[in-house]
$ cat query_14.cif   # mmCIF, C-alpha atoms
data_structure
loop_
_atom_site.label_atom_id
_atom_site.label_comp_id
_atom_site.auth_asym_id
_atom_site.auth_seq_id
_atom_site.Cartn_x
_atom_site.Cartn_y
_atom_site.Cartn_z
CA MET P 5 0.00 0.00 0.00
CA ALA P 6 1.37 3.40 -0.99
CA ALA P 7 1.97 6.03 1.65
CA PRO P 8 -0.57 8.87 1.68
CA THR P 9 0.50 12.06 -0.05
CA LEU P 10 1.05 15.26 1.87
CA ALA P 11 -2.06 16.73 0.28
CA ALA P 12 -4.18 13.82 1.53
CA PHE P 13 -2.69 14.15 4.99
CA LEU P 14 -3.22 17.89 5.23
CA VAL P 15 -6.78 17.59 3.97
CA SER P 16 -7.44 15.03 6.68
CA VAL P 17 -6.21 17.38 9.43
CA ASP P 18 -7.90 20.54 8.14
CA CYS P 19 -10.91 21.34 10.30
CA PRO P 20 -14.01 22.93 8.77
CA VAL P 21 -13.81 25.62 11.46
CA ARG P 22 -10.31 26.64 12.44
CA THR P 23 -10.01 28.02 15.92
CA GLN P 24 -6.54 29.32 15.08
CA ASP P 25 -5.14 27.67 18.18
CA SER P 26 -3.26 24.96 16.31
CA SER P 27 -0.81 24.48 13.52
CA VAL P 28 0.61 21.82 11.23
CA ALA P 29 4.25 20.76 11.67
CA LEU P 30 6.06 18.86 8.93
CA MET P 31 9.01 16.91 10.31
CA TYR P 32 11.88 15.61 8.20
CA ASN P 33 15.22 13.94 8.79
CA ARG P 34 17.26 13.56 5.59
CA VAL P 35 16.15 14.81 2.19
CA GLY P 36 17.78 13.56 -0.97
CA ALA P 37 18.49 10.60 -3.19
CA ALA P 38 21.41 9.17 -1.22
CA ASP P 39 21.19 6.01 0.85
CA GLY P 40 19.62 6.71 4.18
CA ALA P 41 17.45 9.58 2.93
CA THR P 42 14.07 9.49 4.59
CA THR P 43 12.39 11.78 2.04
CA GLU P 44 13.22 11.80 -1.66
CA ILE P 45 13.79 15.18 -3.31
CA ALA P 46 10.76 14.83 -5.59
CA ALA P 47 8.48 14.11 -2.63
CA PHE P 48 9.91 17.06 -0.69
CA GLU P 49 9.36 19.36 -3.67
CA ASN P 50 5.77 18.10 -3.93
CA HIS P 51 5.26 18.97 -0.26
CA LEU P 52 6.59 22.48 -0.84
CA THR P 53 4.40 22.93 -3.91
CA HIS P 54 1.35 21.88 -1.94
CA LEU P 55 2.15 24.35 0.84
CA SER P 56 2.77 27.24 -1.54
CA THR P 57 -0.22 26.65 -3.83
CA ASN P 58 -2.67 26.08 -0.98
CA ASN P 59 -1.92 29.30 0.89
CA TYR P 60 -0.12 27.85 3.89
CA GLU P 61 1.83 30.41 5.87
CA VAL P 62 5.12 28.70 6.70
CA LEU P 63 6.42 30.23 9.91
CA PRO P 64 9.33 29.52 12.25
CA LEU P 65 8.31 26.89 14.79
CA ALA P 66 9.39 29.20 17.64
CA GLN P 67 6.99 31.89 16.43
CA ILE P 68 4.06 29.46 16.35
CA VAL P 69 4.89 28.04 19.78
CA ALA P 70 5.33 31.50 21.30
CA ALA P 71 1.94 32.61 19.98
CA LEU P 72 0.20 29.50 21.27
CA GLN P 73 1.85 29.78 24.70
CA VAL P 74 0.34 33.21 25.29
CA GLY P 75 -3.03 32.39 23.77
CA ALA P 76 -2.51 34.45 20.63
CA THR P 77 -4.00 33.24 17.39
CA VAL P 78 -1.94 31.80 14.59
CA PRO P 79 -2.88 32.07 10.92
CA GLY P 80 -5.53 29.52 9.96
CA ARG P 81 -3.14 27.75 7.60
CA ALA P 82 0.05 28.10 9.64
CA ALA P 83 2.67 25.42 9.16
CA ALA P 84 6.16 24.81 10.50
CA ILE P 85 8.87 22.80 8.76
CA THR P 86 11.40 21.06 10.99
CA PHE P 87 14.45 18.87 10.52
CA ASP P 88 15.86 16.43 13.03
CA GLY P 89 19.64 16.64 13.08
CA ARG P 90 22.27 18.50 11.11
CA HIS P 91 22.55 16.34 8.01
CA ILE P 92 24.35 17.91 5.02
CA SER P 93 21.20 17.44 2.92
CA ILE P 94 19.64 20.35 4.79
CA TYR P 95 22.32 22.64 3.37
CA ARG P 96 22.55 21.07 -0.08
CA GLU P 97 18.96 20.12 -0.87
CA VAL P 98 16.62 21.83 1.58
CA TRP P 99 17.94 25.33 2.13
CA PRO P 100 18.00 26.40 -1.56
CA ARG P 101 14.42 25.23 -2.08
CA LEU P 102 13.05 26.83 1.08
CA ARG P 103 14.95 30.06 0.47
CA ALA P 104 13.47 30.33 -3.04
CA LEU P 105 9.96 30.11 -1.56
CA GLY P 106 10.69 32.33 1.44
CA PHE P 107 9.81 29.49 3.83
CA ALA P 108 11.19 29.45 7.35
CA PHE P 109 12.39 26.21 8.92
CA THR P 110 13.77 24.88 12.19
CA VAL P 111 16.66 22.46 12.66
CA PHE P 112 16.91 20.48 15.89
CA ARG P 113 20.55 19.96 16.77
CA HIS P 114 21.65 16.90 18.66
CA HIS P 115 24.90 16.56 20.57
#
$ encode --input "query_14.cif" --output "structure tokens"
Amino acid sequence: MAAPTLAAFLVSVDCPVRTQDSSVALMYNRVGAADGATTEIAAFENHLTHLSTNNYEVLPLAQIVAALQVGATVPGRAAAITFDGRHISIYREVWPRLRALGFAFTVFRHH
């Protein structure tokens, strides 16, 4: 069975009435075509296309969390993009694509 697409996933989490007290977070590890990549480049690009063509406002995770902690509203289609670890694919594959779209992202650094 094929994995659901990002569009199918996001449609399933979209509520008919957004209270603006929640957000979507997309979490990645490695992006690329090399062995060990958890997300292929084409799939990642499809995710970005879906976000940009469906009016998601991609914000830094810290900004979303800070707003939610004080009870402020977040945009109805707010999304955060995060990466687990400091893999070189973030610099080579991810950063140029996100920069071109003006999308913020968060990298979690492990010791």
$ residues_around --input "query_14.cif" --residues "stretch 69-82 of chain P" --least-positions-apart "3" --cutoff "6 Å" --atoms "only C-alpha atoms" --output "number ranges by chain"
P: 24-25, 27, 60-62, 66
$ closest_residue --input "query_14.cif" --among "P:His91, P:Phe112, P:Pro64, P:Met31" --to "P:Phe48" --atoms "all atoms listed in the file"
P:Met31
$ residues_around --input "query_14.cif" --residues "stretch 103-111 of chain P" --least-positions-apart "6" --cutoff "7 Å" --atoms "all atoms listed in the file" --output "list in words"
Val62, Leu63, Pro64, Leu65, Ala84, Ile85, Thr86, Phe87, Asp88 and Gly89 of chain P
$ axis_aligned_box --input "query_14.cif" --around "stretch 99-109 of chain P" --padding-each-side "8 Å" --output "lines of an AutoDock Vina configuration file"
center_x = 13.9
center_y = 28.8
center_z = 2.9
size_x = 24.2
size_y = 23.1
size_z = 28.0
$ atom_distance --input "query_14.cif" --atom1 "atom CA of P:Arg96" --atom2 "atom CA of P:Thr42"
15.1 Å
$ atom_distance --input "query_14.cif" --atom1 "atom CA of P:Ser26" --atom2 "atom CA of P:Ile94"
26.0 Å
$ atom_distance --input "query_14.cif" --atom1 "atom CA of P:Ile68" --atom2 "atom CA of P:Gly36"
27.2 Å
$ residues_around --input "query_14.cif" --residues "P:Glu97" --least-positions-apart "4" --cutoff "12 Å" --atoms "only C-alpha atoms" --output "list in words"
Arg34, Val35, Gly36, Ala37, Ala38, Ala41, Thr43, Glu44, Ile45, Ala46, Phe48, Glu49, His91, Ile92, Ser93, Arg101, Leu102, Arg103 and Ala104 of chain P
$ decode --input "query_14.cif" --residues "stretch 14-100 of chain P" --atoms "C-alpha atoms" --output "CSV table (one decimal), in the first residue's frame"
chain,number,residue,atom,x,y,z
P,14,LEU,CA,-3.2,17.9,5.2
P,15,VAL,CA,-6.8,17.6,4.0
P,16,SER,CA,-7.4,15.0,6.7
P,17,VAL,CA,-6.2,17.4,9.4
P,18,ASP,CA,-7.9,20.5,8.1
P,19,CYS,CA,-10.9,21.3,10.3
P,20,PRO,CA,-14.0,22.9,8.8
P,21,VAL,CA,-13.8,25.6,11.5
P,22,ARG,CA,-10.3,26.6,12.4
P,23,THR,CA,-10.0,28.0,15.9
P,24,GLN,CA,-6.5,29.3,15.1
P,25,ASP,CA,-5.1,27.7,18.2
P,26,SER,CA,-3.3,25.0,16.3
P,27,SER,CA,-0.8,24.5,13.5
P,28,VAL,CA,0.6,21.8,11.2
P,29,ALA,CA,4.2,20.8,11.7
P,30,LEU,CA,6.1,18.9,8.9
P,31,MET,CA,9.0,16.9,10.3
P,32,TYR,CA,11.9,15.6,8.2
P,33,ASN,CA,15.2,13.9,8.8
P,34,ARG,CA,17.3,13.6,5.6
P,35,VAL,CA,16.2,14.8,2.2
P,36,GLY,CA,17.8,13.6,-1.0
P,37,ALA,CA,18.5,10.6,-3.2
P,38,ALA,CA,21.4,9.2,-1.2
P,39,ASP,CA,21.2,6.0,0.9
P,40,GLY,CA,19.6,6.7,4.2
P,41,ALA,CA,17.5,9.6,2.9
P,42,THR,CA,14.1,9.5,4.6
P,43,THR,CA,12.4,11.8,2.0
P,44,GLU,CA,13.2,11.8,-1.7
P,45,ILE,CA,13.8,15.2,-3.3
P,46,ALA,CA,10.8,14.8,-5.6
P,47,ALA,CA,8.5,14.1,-2.6
P,48,PHE,CA,9.9,17.1,-0.7
P,49,GLU,CA,9.4,19.4,-3.7
P,50,ASN,CA,5.8,18.1,-3.9
P,51,HIS,CA,5.3,19.0,-0.3
P,52,LEU,CA,6.6,22.5,-0.8
P,53,THR,CA,4.4,22.9,-3.9
P,54,HIS,CA,1.3,21.9,-1.9
P,55,LEU,CA,2.1,24.4,0.8
P,56,SER,CA,2.8,27.2,-1.5
P,57,THR,CA,-0.2,26.6,-3.8
P,58,ASN,CA,-2.7,26.1,-1.0
P,59,ASN,CA,-1.9,29.3,0.9
P,60,TYR,CA,-0.1,27.8,3.9
P,61,GLU,CA,1.8,30.4,5.9
P,62,VAL,CA,5.1,28.7,6.7
P,63,LEU,CA,6.4,30.2,9.9
P,64,PRO,CA,9.3,29.5,12.2
P,65,LEU,CA,8.3,26.9,14.8
P,66,ALA,CA,9.4,29.2,17.6
P,67,GLN,CA,7.0,31.9,16.4
P,68,ILE,CA,4.1,29.5,16.4
P,69,VAL,CA,4.9,28.0,19.8
P,70,ALA,CA,5.3,31.5,21.3
P,71,ALA,CA,1.9,32.6,20.0
P,72,LEU,CA,0.2,29.5,21.3
P,73,GLN,CA,1.8,29.8,24.7
P,74,VAL,CA,0.3,33.2,25.3
P,75,GLY,CA,-3.0,32.4,23.8
P,76,ALA,CA,-2.5,34.4,20.6
P,77,THR,CA,-4.0,33.2,17.4
P,78,VAL,CA,-1.9,31.8,14.6
P,79,PRO,CA,-2.9,32.1,10.9
P,80,GLY,CA,-5.5,29.5,10.0
P,81,ARG,CA,-3.1,27.8,7.6
P,82,ALA,CA,0.1,28.1,9.6
P,83,ALA,CA,2.7,25.4,9.2
P,84,ALA,CA,6.2,24.8,10.5
P,85,ILE,CA,8.9,22.8,8.8
P,86,THR,CA,11.4,21.1,11.0
P,87,PHE,CA,14.5,18.9,10.5
P,88,ASP,CA,15.9,16.4,13.0
P,89,GLY,CA,19.6,16.6,13.1
P,90,ARG,CA,22.3,18.5,11.1
P,91,HIS,CA,22.6,16.3,8.0
P,92,ILE,CA,24.3,17.9,5.0
P,93,SER,CA,21.2,17.4,2.9
P,94,ILE,CA,19.6,20.4,4.8
P,95,TYR,CA,22.3,22.6,3.4
P,96,ARG,CA,22.5,21.1,-0.1
P,97,GLU,CA,19.0,20.1,-0.9
P,98,VAL,CA,16.6,21.8,1.6
P,99,TRP,CA,17.9,25.3,2.1
P,100,PRO,CA,18.0,26.4,-1.6
